[in-house]
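Q: Input structure: work-v1.cif, which contains mmCIF, C-alpha atoms and all ligand atoms.
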data_query
#
loop_
_atom_site.group_PDB
_atom_site.id
_atom_site.type_symbol
_atom_site.label_atom_id
_atom_site.label_comp_id
_atom_site.auth_asym_id
_atom_site.auth_seq_id
_atom_site.Cartn_x
_atom_site.Cartn_y
_atom_site.Cartn_z
ATOM 1 C CA MET A 1 63.967 191.265 115.576
ATOM 2 C CA SER A 2 63.161 193.909 118.064
ATOM 3 C CA LEU A 3 65.834 195.060 120.481
ATOM 4 C CA SER A 4 65.163 196.896 123.717
ATOM 5 C CA ILE A 5 67.385 198.635 126.242
ATOM 6 C CA ILE A 6 68.073 196.729 129.449
ATOM 7 C CA HIS A 7 68.444 198.503 132.776
ATOM 8 C CA PHE A 8 70.816 198.019 135.704
ATOM 9 C CA PRO A 9 71.281 195.495 137.353
ATOM 10 C CA HIS A 10 70.553 193.224 134.360
ATOM 11 C CA PRO A 11 73.447 190.688 134.307
ATOM 12 C CA THR A 12 74.316 191.279 130.619
ATOM 13 C CA LEU A 13 75.540 194.748 131.616
ATOM 14 C CA ARG A 14 78.306 192.970 133.545
ATOM 15 C CA HIS A 15 79.200 190.621 130.693
ATOM 16 C CA ARG A 16 82.567 191.147 129.037
ATOM 17 C CA SER A 17 81.766 190.934 125.319
ATOM 18 C CA ARG A 18 83.808 188.987 122.798
ATOM 19 C CA PRO A 19 85.101 190.370 119.472
ATOM 20 C CA ILE A 20 82.870 189.991 116.433
ATOM 21 C CA VAL A 21 84.216 187.691 113.710
ATOM 22 C CA ARG A 22 81.291 187.871 111.291
ATOM 23 C CA VAL A 23 79.187 190.756 109.934
ATOM 24 C CA ASP A 24 75.957 189.845 108.182
ATOM 25 C CA ALA A 25 72.604 191.432 107.320
ATOM 26 C CA GLN A 26 71.181 190.693 110.769
ATOM 27 C CA LEU A 27 74.126 192.371 112.500
ATOM 28 C CA ARG A 28 73.714 195.455 110.287
ATOM 29 C CA GLU A 29 70.006 195.481 111.120
ATOM 30 C CA MET A 30 70.825 195.295 114.842
ATOM 31 C CA ALA A 31 73.204 198.247 114.498
ATOM 32 C CA ALA A 32 70.432 200.238 112.781
ATOM 33 C CA GLU A 33 68.008 199.326 115.583
ATOM 34 C CA MET A 34 70.570 200.402 118.178
ATOM 35 C CA LEU A 35 70.855 203.801 116.477
ATOM 36 C CA ASP A 36 67.035 204.110 116.457
ATOM 37 C CA LEU A 37 66.886 203.295 120.173
ATOM 38 C CA MET A 38 69.717 205.707 120.983
ATOM 39 C CA TYR A 39 68.060 208.644 119.198
ATOM 40 C CA LYS A 40 64.581 207.787 120.488
ATOM 41 C CA ASN A 41 65.860 207.797 124.069
ATOM 42 C CA GLU A 42 67.891 210.980 123.559
ATOM 43 C CA GLY A 43 71.190 209.219 124.171
ATOM 44 C CA VAL A 44 74.601 209.910 122.653
ATOM 45 C CA GLY A 45 75.855 206.319 122.683
ATOM 46 C CA LEU A 46 74.628 202.753 123.073
ATOM 47 C CA ALA A 47 76.679 199.571 123.499
ATOM 48 C CA ALA A 48 75.527 196.102 122.409
ATOM 49 C CA ASN A 49 75.447 194.899 126.051
ATOM 50 C CA GLN A 50 72.735 197.467 126.658
ATOM 51 C CA VAL A 51 70.436 195.679 124.225
ATOM 52 C CA ASP A 52 71.348 192.276 125.695
ATOM 53 C CA LEU A 53 73.852 191.316 122.981
ATOM 54 C CA PRO A 54 77.286 189.933 124.041
ATOM 55 C CA ILE A 55 79.236 191.352 121.087
ATOM 56 C CA ARG A 56 81.809 194.137 120.800
ATOM 57 C CA MET A 57 79.892 196.841 118.976
ATOM 58 C CA PHE A 58 78.632 200.291 119.905
ATOM 59 C CA VAL A 59 76.854 203.183 118.215
ATOM 60 C CA ALA A 60 77.351 206.860 119.048
ATOM 61 C CA ASN A 61 76.609 210.394 117.981
ATOM 62 C CA ALA A 62 77.876 213.088 120.346
ATOM 63 C CA SER A 63 75.223 215.495 119.020
ATOM 64 C CA GLY A 64 72.433 213.103 120.048
ATOM 65 C CA VAL A 65 70.415 214.142 116.974
ATOM 66 C CA ARG A 66 69.929 212.092 113.821
ATOM 67 C CA GLY A 67 71.266 213.927 110.791
ATOM 68 C CA GLU A 68 73.493 216.175 112.886
ATOM 69 C CA GLY A 69 77.062 215.586 114.015
ATOM 70 C CA GLU A 70 78.998 212.431 113.206
ATOM 71 C CA GLU A 71 77.278 209.037 113.497
ATOM 72 C CA TRP A 72 79.439 206.099 114.558
ATOM 73 C CA VAL A 73 78.950 202.345 114.386
ATOM 74 C CA VAL A 74 82.126 200.733 115.692
ATOM 75 C CA ILE A 75 82.933 197.028 115.677
ATOM 76 C CA ASN A 76 85.677 195.608 117.920
ATOM 77 C CA PRO A 77 86.751 198.990 119.299
ATOM 78 C CA VAL A 78 90.102 199.310 121.041
ATOM 79 C CA ILE A 79 91.176 202.467 122.816
ATOM 80 C CA ASP A 80 94.718 203.352 123.838
ATOM 81 C CA ARG A 81 97.158 206.280 124.118
ATOM 82 C CA PRO A 82 95.213 207.983 126.943
ATOM 83 C CA LYS A 83 96.353 211.540 127.593
ATOM 84 C CA GLY A 84 95.334 214.068 130.211
ATOM 85 C CA SER A 85 92.480 213.813 132.678
ATOM 86 C CA GLU A 86 89.169 215.584 132.873
ATOM 87 C CA ALA A 87 85.986 215.287 134.946
ATOM 88 C CA GLY A 88 82.633 215.542 133.194
ATOM 89 C CA GLN A 89 79.004 214.633 133.800
ATOM 90 C CA GLU A 90 77.786 211.277 132.512
ATOM 91 C CA GLY A 91 74.487 209.480 132.401
ATOM 92 C CA CYS A 92 73.506 206.152 130.879
ATOM 93 C CA LEU A 93 70.466 204.773 129.060
ATOM 94 C CA SER A 94 70.705 201.726 131.357
ATOM 95 C CA VAL A 95 70.184 203.916 134.459
ATOM 96 C CA PRO A 96 68.060 206.742 133.030
ATOM 97 C CA GLY A 97 67.829 209.806 135.255
ATOM 98 C CA LEU A 98 71.060 209.225 137.195
ATOM 99 C CA TYR A 99 74.124 211.389 136.547
ATOM 100 C CA ALA A 100 77.560 211.774 138.085
ATOM 101 C CA GLN A 101 80.926 213.385 137.486
ATOM 102 C CA VAL A 102 83.362 210.867 136.011
ATOM 103 C CA LYS A 103 87.086 211.455 135.638
ATOM 104 C CA ARG A 104 88.575 210.067 132.428
ATOM 105 C CA PRO A 105 91.520 210.628 130.089
ATOM 106 C CA LYS A 106 90.926 213.719 127.962
ATOM 107 C CA THR A 107 92.071 212.220 124.670
ATOM 108 C CA VAL A 108 92.346 208.622 123.452
ATOM 109 C CA ARG A 109 93.004 206.834 120.191
ATOM 110 C CA LEU A 110 90.118 204.714 118.882
ATOM 111 C CA GLN A 111 90.759 201.794 116.553
ATOM 112 C CA GLY A 112 88.149 199.421 115.163
ATOM 113 C CA TYR A 113 86.043 198.748 112.088
ATOM 114 C CA ASP A 114 82.844 200.100 110.608
ATOM 115 C CA LEU A 115 80.032 197.915 109.218
ATOM 116 C CA GLN A 116 81.644 197.908 105.752
ATOM 117 C CA GLY A 117 84.901 196.543 107.163
ATOM 118 C CA ASN A 118 86.774 199.846 106.837
ATOM 119 C CA GLU A 119 89.409 200.426 109.483
ATOM 120 C CA ILE A 120 88.853 203.217 111.999
ATOM 121 C CA ASN A 121 91.924 204.867 113.528
ATOM 122 C CA LYS A 122 91.311 208.239 115.086
ATOM 123 C CA GLU A 123 92.470 210.449 117.938
ATOM 124 C CA LEU A 124 89.431 211.602 119.889
ATOM 125 C CA ASP A 125 89.025 214.505 122.252
ATOM 126 C CA GLY A 126 86.238 216.521 123.831
ATOM 127 C CA PHE A 127 82.819 215.021 124.518
ATOM 128 C CA LEU A 128 83.161 212.325 121.834
ATOM 129 C CA SER A 129 86.259 210.975 123.599
ATOM 130 C CA ARG A 130 84.197 210.650 126.801
ATOM 131 C CA VAL A 131 81.278 208.987 125.007
ATOM 132 C CA VAL A 132 83.512 206.418 123.322
ATOM 133 C CA GLN A 133 85.328 205.587 126.570
ATOM 134 C CA HIS A 134 81.946 205.121 128.288
ATOM 135 C CA GLU A 135 80.746 202.757 125.510
ATOM 136 C CA VAL A 136 83.942 200.681 125.419
ATOM 137 C CA ASP A 137 83.619 200.327 129.197
ATOM 138 C CA HIS A 138 80.166 198.783 128.641
ATOM 139 C CA LEU A 139 81.672 196.136 126.373
ATOM 140 C CA ASP A 140 83.953 195.176 129.275
ATOM 141 C CA GLY A 141 81.038 195.054 131.722
ATOM 142 C CA VAL A 142 81.948 198.380 133.348
ATOM 143 C CA MET A 143 79.338 201.006 134.307
ATOM 144 C CA PHE A 144 80.178 204.709 134.682
ATOM 145 C CA PHE A 145 79.421 204.613 138.394
ATOM 146 C CA ASP A 146 82.223 202.065 138.875
ATOM 147 C CA ARG A 147 84.541 205.002 138.204
ATOM 148 C CA ILE A 148 83.110 207.688 140.502
ATOM 149 C CA SER A 149 84.126 208.879 143.946
ATOM 150 C CA SER A 150 82.453 207.407 147.019
ATOM 151 C CA GLU A 151 80.973 210.861 147.620
ATOM 152 C CA ALA A 152 79.376 210.936 144.161
ATOM 153 C CA MET A 153 78.196 207.361 144.725
ATOM 154 C CA ARG A 154 76.272 208.442 147.822
ATOM 155 C CA ASP A 155 74.281 210.826 145.625
ATOM 156 C CA ILE A 156 73.058 208.107 143.267
ATOM 157 C CA GLU A 157 72.979 204.971 145.419
ATOM 158 C CA HIS A 158 69.327 205.477 146.312
ATOM 159 C CA GLY A 159 68.504 205.702 142.592
ATOM 160 C CA LEU A 160 70.507 202.543 141.887
ATOM 161 C CA ALA A 161 68.640 200.739 144.682
ATOM 162 C CA GLU A 162 65.347 201.697 143.004
ATOM 163 C CA PHE A 163 66.524 200.165 139.731
ATOM 164 C CA ALA A 164 67.427 197.005 141.661
ATOM 165 C CA THR A 165 63.940 196.849 143.205
ATOM 166 C CA THR A 166 62.325 197.247 139.781
ATOM 167 C CA PHE A 167 64.577 194.541 138.340
ATOM 168 C CA ASP A 168 63.672 192.106 141.154
ATOM 169 C CA SER A 169 60.020 192.741 140.570
ATOM 170 C CA LEU A 170 60.273 192.216 136.783
ATOM 171 C CA ARG A 171 62.106 188.982 137.461
ATOM 172 C CA SER A 172 59.549 187.719 139.925
ATOM 173 C CA THR A 173 56.814 188.166 137.318
ATOM 174 C CA GLY A 174 58.890 186.440 134.641
ATOM 175 C CA SER A 175 59.328 189.564 132.475
ATOM 176 C CA ILE A 176 63.079 189.059 132.771
ATOM 177 C CA PRO A 177 64.363 185.475 132.407
ATOM 178 C CA ASP A 178 66.454 183.790 135.111
ATOM 179 C CA ASP A 179 70.266 183.737 134.972
ATOM 180 C CA ALA A 180 70.423 180.303 133.310
ATOM 181 C CA GLU A 181 68.089 181.360 130.489
ATOM 182 C CA LEU A 182 69.982 184.641 129.998
ATOM 183 C CA ALA A 183 73.314 182.805 129.874
ATOM 184 C CA LYS A 184 71.943 180.440 127.245
ATOM 185 C CA ARG A 185 70.804 183.362 125.074
ATOM 186 C CA LEU A 186 74.222 185.006 125.340
ATOM 187 C CA ALA A 187 75.938 181.744 124.438
ATOM 188 C CA ASP A 188 73.725 181.423 121.320
ATOM 189 C CA TRP A 189 74.650 184.954 120.170
ATOM 190 C CA GLU A 190 78.320 184.314 120.888
ATOM 191 C CA ALA A 191 78.224 181.125 118.836
ATOM 192 C CA LYS A 192 76.770 183.074 115.917
ATOM 193 C CA TYR A 193 78.936 186.218 115.912
ATOM 194 C CA THR A 194 82.085 185.682 118.003
HETATM 195 ZN ZN ZN B 201 75.976 203.775 129.319
#
Give the structure from this file in structure tokens form.
Ligand SMILES: [Zn+2]
A:
Amino acid sequence: MSLSIIHFPHPTLRHRSRPIVRVDAQLREMAAEMLDLMYKNEGVGLAANQVDLPIRMFVANASGVRGEGEEWVVINPVIDRPKGSEAGQEGCLSVPGLYAQVKRPKTVRLQGYDLQGNEINKELDGFLSRVVQHEVDHLDGVMFFDRISSEAMRDIEHGLAEFATTFDSLRSTGSIPDDAELAKRLADWEAKYT
């Protein structure tokens, strides 16, 4: 299969994903495709929602470069133990070109599983902590601009409106299916993996 990155305001970005209960060859292939897409688009993280899949999985590499830094594929991530607070710039492959300062906890604990079923349990800080919090937000249907000040929102709202115009136009030509068709696709994936 061939995955592609969906852009705001595609409804799957607002879908709260369910935990994965089965890992098979297709799921591993999808994780590999997500990593390809992330590196190709010069991102540092990509959540399954962003490729129109309603499952709790994300990929990340804070270095943004294949072969450098630490590469993550995390299934059913849970973050807790937030400590501190720090503002930092964020962007998103689902709204390319738009950036804003987002305030988040400085450190968090990440728990989850890798593709081999090994448990992940790690305290994260620095940029990786921010990336992981951003990706887990996606799995809950949350975009980074849901967490910014109204002043910062004014700086990007024109850009967001342009994405909305593009989305409407892609829908009117049938390039993006209607809500009923999208919901059916999500339900099929959920039946298979959640
Ligand atoms: Zn994002």
Q: Taking 3 positions as the minimum chain separation for residues in the same chain, which residues sit within 12 Å of Ile6 of chain A when counting all atoms listed in the file? Answer as a list of chain:residue names.
A: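 Skipping anything fewer than 3 positions along the chain leaves A:Leu3, A:Pro9, A:His10, A:Pro11, A:Thr12, A:Leu13, A:Arg14, A:Leu37, A:Leu46, A:Ala47, A:Ala48, A:Asn49, A:Gln50, A:Val51, A:Asp52, A:Leu53, A:Cys92, A:Leu93, A:Ser94, A:Val95, A:Pro96, A:Phe163, A:Thr166, A:Phe167, A:Leu170, A:Ser175, A:Ile176.
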Q: Restricting it to C-alpha atoms, dump the selection as a tab-separated table (two decimals), in the frame of the given file.
A:
chain	number	residue	atom	x	y	z
A	3	LEU	CA	65.83	195.06	120.48
A	9	PRO	CA	71.28	195.50	137.35
A	10	HIS	CA	70.55	193.22	134.36
A	11	PRO	CA	73.45	190.69	134.31
A	12	THR	CA	74.32	191.28	130.62
A	13	LEU	CA	75.54	194.75	131.62
A	14	ARG	CA	78.31	192.97	133.54
A	37	LEU	CA	66.89	203.30	120.17
A	46	LEU	CA	74.63	202.75	123.07
A	47	ALA	CA	76.68	199.57	123.50
A	48	ALA	CA	75.53	196.10	122.41
A	49	ASN	CA	75.45	194.90	126.05
A	50	GLN	CA	72.74	197.47	126.66
A	51	VAL	CA	70.44	195.68	124.22
A	52	ASP	CA	71.35	192.28	125.70
A	53	LEU	CA	73.85	191.32	122.98
A	92	CYS	CA	73.51	206.15	130.88
A	93	LEU	CA	70.47	204.77	129.06
A	94	SER	CA	70.70	201.73	131.36
A	95	VAL	CA	70.18	203.92	134.46
A	96	PRO	CA	68.06	206.74	133.03
A	163	PHE	CA	66.52	200.16	139.73
A	166	THR	CA	62.32	197.25	139.78
A	167	PHE	CA	64.58	194.54	138.34
A	170	LEU	CA	60.27	192.22	136.78
A	175	SER	CA	59.33	189.56	132.48
A	176	ILE	CA	63.08	189.06	132.77
Q: Report, in Å with one decimal, the straight-line distance from atom CA of Ala32 of chain A to atom CA of Glu181 of chain A.
A: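 One can read the atom CA of Ala32 of chain A to atom CA of Glu181 of chain A distance as 26.0 Å.
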Q: Would you compute the distance between atom CA of Ser17 of chain A and atom CA of Asn76 of chain A? Give it in Å to one decimal.
A: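 One can read the atom CA of Ser17 of chain A to atom CA of Asn76 of chain A distance as 9.6 Å.
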Q: Once the PyMOL selection byres (((chain A and resi 18) around 6) and not hetatm) has been applied to the shown file, what residues remain in the selection, as a PyMOL selection string?
A: chain A and resi 17+19+55-56
Q: Limited to C-alpha atoms, could you put the picked residues into a file as a compact mmCIF listing (two decimals), keeping the file's coordinate frame?
A:
# COMPACT_ATOMS: atom_id res chain seq x y z
CA SER A 17 81.77 190.93 125.32
CA PRO A 19 85.10 190.37 119.47
CA ILE A 55 79.24 191.35 121.09
CA ARG A 56 81.81 194.14 120.80
Q: So how far away is atom CA of Gly159 of chain A from atom CA of Gly97 of chain A, in Å?
A: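 Result for atom CA of Gly97 of chain A versus atom CA of Gly159 of chain A: 8.4 Å, one decimal.
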Q: So what does the PyMOL selection byres (((chain A and resi 134) around 10) and not hetatm) actually pick up in this one, as an NGL selection string?
A: :A and (45-47 or 90-92 or 102 or 104 or 128-133 or 135-139 or 142-144)
Q: Determine, counting all atoms listed in the file, every residue of protein, DNA or RNA that lies within 6 Å of (76.0, 210.7, 136.5) in the file coordinates, then give the result as a VMD selection string.
A: chain A and resid 89 to 91 98 to 101
Q: Fewer than 4 positions away in the same chain doesn't count, so skip those; otherwise give me all residues within 7 Å of Met34 of chain A, counting all atoms listed in the file, as a list in words.
A: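 Returned residues: Met30, Met38, Leu46 and Val59 of chain A.
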Q: At a cut-off of 9 Å, using all atoms listed in the file, what residues contact Trp189 of chain A? Leave out same-chain residues fewer than 4 positions from it and give the result as a list of chain:residue names.
A: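 Those residues are A:Leu53, A:Pro54, A:Ile55, A:Lys184, A:Arg185, A:Tyr193, A:Thr194.
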Q: From the list A:Val108, A:Asp114, A:Leu27, A:Lys40, which residue is nearest Glu71 of chain A when using only C-alpha atoms?
A: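 For Glu71 of chain A, the nearest of the candidates is A:Asp114.
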Q: Could you tell me which residues the PyMOL selection byres (((chain A and resi 61) around 9) and not hetatm) grabs in this file, written as a list in words?
A: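 Given this file, the PyMOL selection byres (((chain A and resi 61) around 9) and not hetatm) evaluates to Leu35, Met38, Tyr39, Gly43, Val44, Gly45, Val59, Ala60, Ala62, Ser63, Gly64, Val65, Arg66, Glu68, Gly69, Glu70, Glu71, Trp72, Leu128 and Val131 of chain A.
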Q: Nearest residue to ligand ZN 201 (chain B) out of A:Ile75, A:Ile5, A:Ile148, A:Ala183, using only C-alpha atoms and all ligand atoms?
A: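 Among the listed residues, A:Ile5 lies closest to ligand ZN 201 (chain B).
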Q: Taking N, CA and C atoms as the atom set, what does segment 14-39 of chain A look like once completed, written as an mmCIF file, in the coordinates of the input?
A:
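rebuild23.cif written:
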data_model
loop_
_atom_site.group_PDB
_atom_site.id
_atom_site.type_symbol
_atom_site.label_atom_id
_atom_site.label_comp_id
_atom_site.auth_asym_id
_atom_site.auth_seq_id
_atom_site.Cartn_x
_atom_site.Cartn_y
_atom_site.Cartn_z
ATOM 1 N N ARG A 14 77.028 193.335 132.921
ATOM 2 C CA ARG A 14 78.306 192.970 133.545
ATOM 3 C C ARG A 14 79.073 191.940 132.729
ATOM 4 N N HIS A 15 78.561 191.615 131.556
ATOM 5 C CA HIS A 15 79.200 190.621 130.693
ATOM 6 C C HIS A 15 80.317 191.284 129.891
ATOM 7 N N ARG A 16 81.474 190.639 129.869
ATOM 8 C CA ARG A 16 82.567 191.147 129.037
ATOM 9 C C ARG A 16 82.408 190.555 127.642
ATOM 10 N N SER A 17 82.127 191.415 126.656
ATOM 11 C CA SER A 17 81.766 190.934 125.319
ATOM 12 C C SER A 17 82.975 190.477 124.523
ATOM 13 N N ARG A 18 82.744 189.524 123.650
ATOM 14 C CA ARG A 18 83.808 188.987 122.798
ATOM 15 C C ARG A 18 83.832 189.703 121.452
ATOM 16 N N PRO A 19 85.012 189.736 120.796
ATOM 17 C CA PRO A 19 85.101 190.370 119.472
ATOM 18 C C PRO A 19 84.197 189.686 118.441
ATOM 19 N N ILE A 20 83.712 190.482 117.526
ATOM 20 C CA ILE A 20 82.870 189.991 116.433
ATOM 21 C C ILE A 20 83.771 189.430 115.331
ATOM 22 N N VAL A 21 83.426 188.265 114.814
ATOM 23 C CA VAL A 21 84.216 187.691 113.710
ATOM 24 C C VAL A 21 83.404 187.595 112.425
ATOM 25 N N ARG A 22 82.121 187.980 112.479
ATOM 26 C CA ARG A 22 81.291 187.871 111.291
ATOM 27 C C ARG A 22 80.279 189.020 111.265
ATOM 28 N N VAL A 23 80.187 189.688 110.104
ATOM 29 C CA VAL A 23 79.187 190.756 109.934
ATOM 30 C C VAL A 23 78.224 190.303 108.841
ATOM 31 N N ASP A 24 76.949 190.249 109.184
ATOM 32 C CA ASP A 24 75.957 189.845 108.182
ATOM 33 C C ASP A 24 74.779 190.826 108.216
ATOM 34 N N ALA A 25 73.752 190.521 107.423
ATOM 35 C CA ALA A 25 72.604 191.432 107.320
ATOM 36 C C ALA A 25 71.931 191.631 108.675
ATOM 37 N N GLN A 26 71.841 190.571 109.461
ATOM 38 C CA GLN A 26 71.181 190.693 110.769
ATOM 39 C C GLN A 26 71.972 191.618 111.695
ATOM 40 N N LEU A 27 73.298 191.506 111.659
ATOM 41 C CA LEU A 27 74.126 192.371 112.500
ATOM 42 C C LEU A 27 73.959 193.835 112.083
ATOM 43 N N ARG A 28 73.920 194.075 110.758
ATOM 44 C CA ARG A 28 73.714 195.455 110.287
ATOM 45 C C ARG A 28 72.343 195.974 110.712
ATOM 46 N N GLU A 29 71.355 195.100 110.675
ATOM 47 C CA GLU A 29 70.006 195.481 111.120
ATOM 48 C C GLU A 29 70.009 195.808 112.626
ATOM 49 N N MET A 30 70.760 195.036 113.398
ATOM 50 C CA MET A 30 70.825 195.295 114.842
ATOM 51 C C MET A 30 71.507 196.637 115.115
ATOM 52 N N ALA A 31 72.540 196.950 114.331
ATOM 53 C CA ALA A 31 73.204 198.247 114.498
ATOM 54 C C ALA A 31 72.226 199.382 114.189
ATOM 55 N N ALA A 32 71.424 199.213 113.138
ATOM 56 C CA ALA A 32 70.432 200.238 112.781
ATOM 57 C C ALA A 32 69.395 200.391 113.893
ATOM 58 N N GLU A 33 68.975 199.272 114.472
ATOM 59 C CA GLU A 33 68.008 199.326 115.583
ATOM 60 C C GLU A 33 68.613 200.005 116.804
ATOM 61 N N MET A 34 69.904 199.751 117.040
ATOM 62 C CA MET A 34 70.570 200.402 118.178
ATOM 63 C C MET A 34 70.605 201.913 117.977
ATOM 64 N N LEU A 35 70.872 202.353 116.745
ATOM 65 C CA LEU A 35 70.855 203.801 116.477
ATOM 66 C C LEU A 35 69.452 204.364 116.713
ATOM 67 N N ASP A 36 68.424 203.659 116.228
ATOM 68 C CA ASP A 36 67.035 204.110 116.457
ATOM 69 C C ASP A 36 66.757 204.285 117.947
ATOM 70 N N LEU A 37 67.135 203.258 118.725
ATOM 71 C CA LEU A 37 66.886 203.295 120.173
ATOM 72 C C LEU A 37 67.645 204.445 120.836
ATOM 73 N N MET A 38 68.891 204.639 120.398
ATOM 74 C CA MET A 38 69.717 205.707 120.983
ATOM 75 C C MET A 38 69.061 207.062 120.749
ATOM 76 N N TYR A 39 68.664 207.338 119.494
ATOM 77 C CA TYR A 39 68.060 208.644 119.198
ATOM 78 C C TYR A 39 66.708 208.800 119.903
#
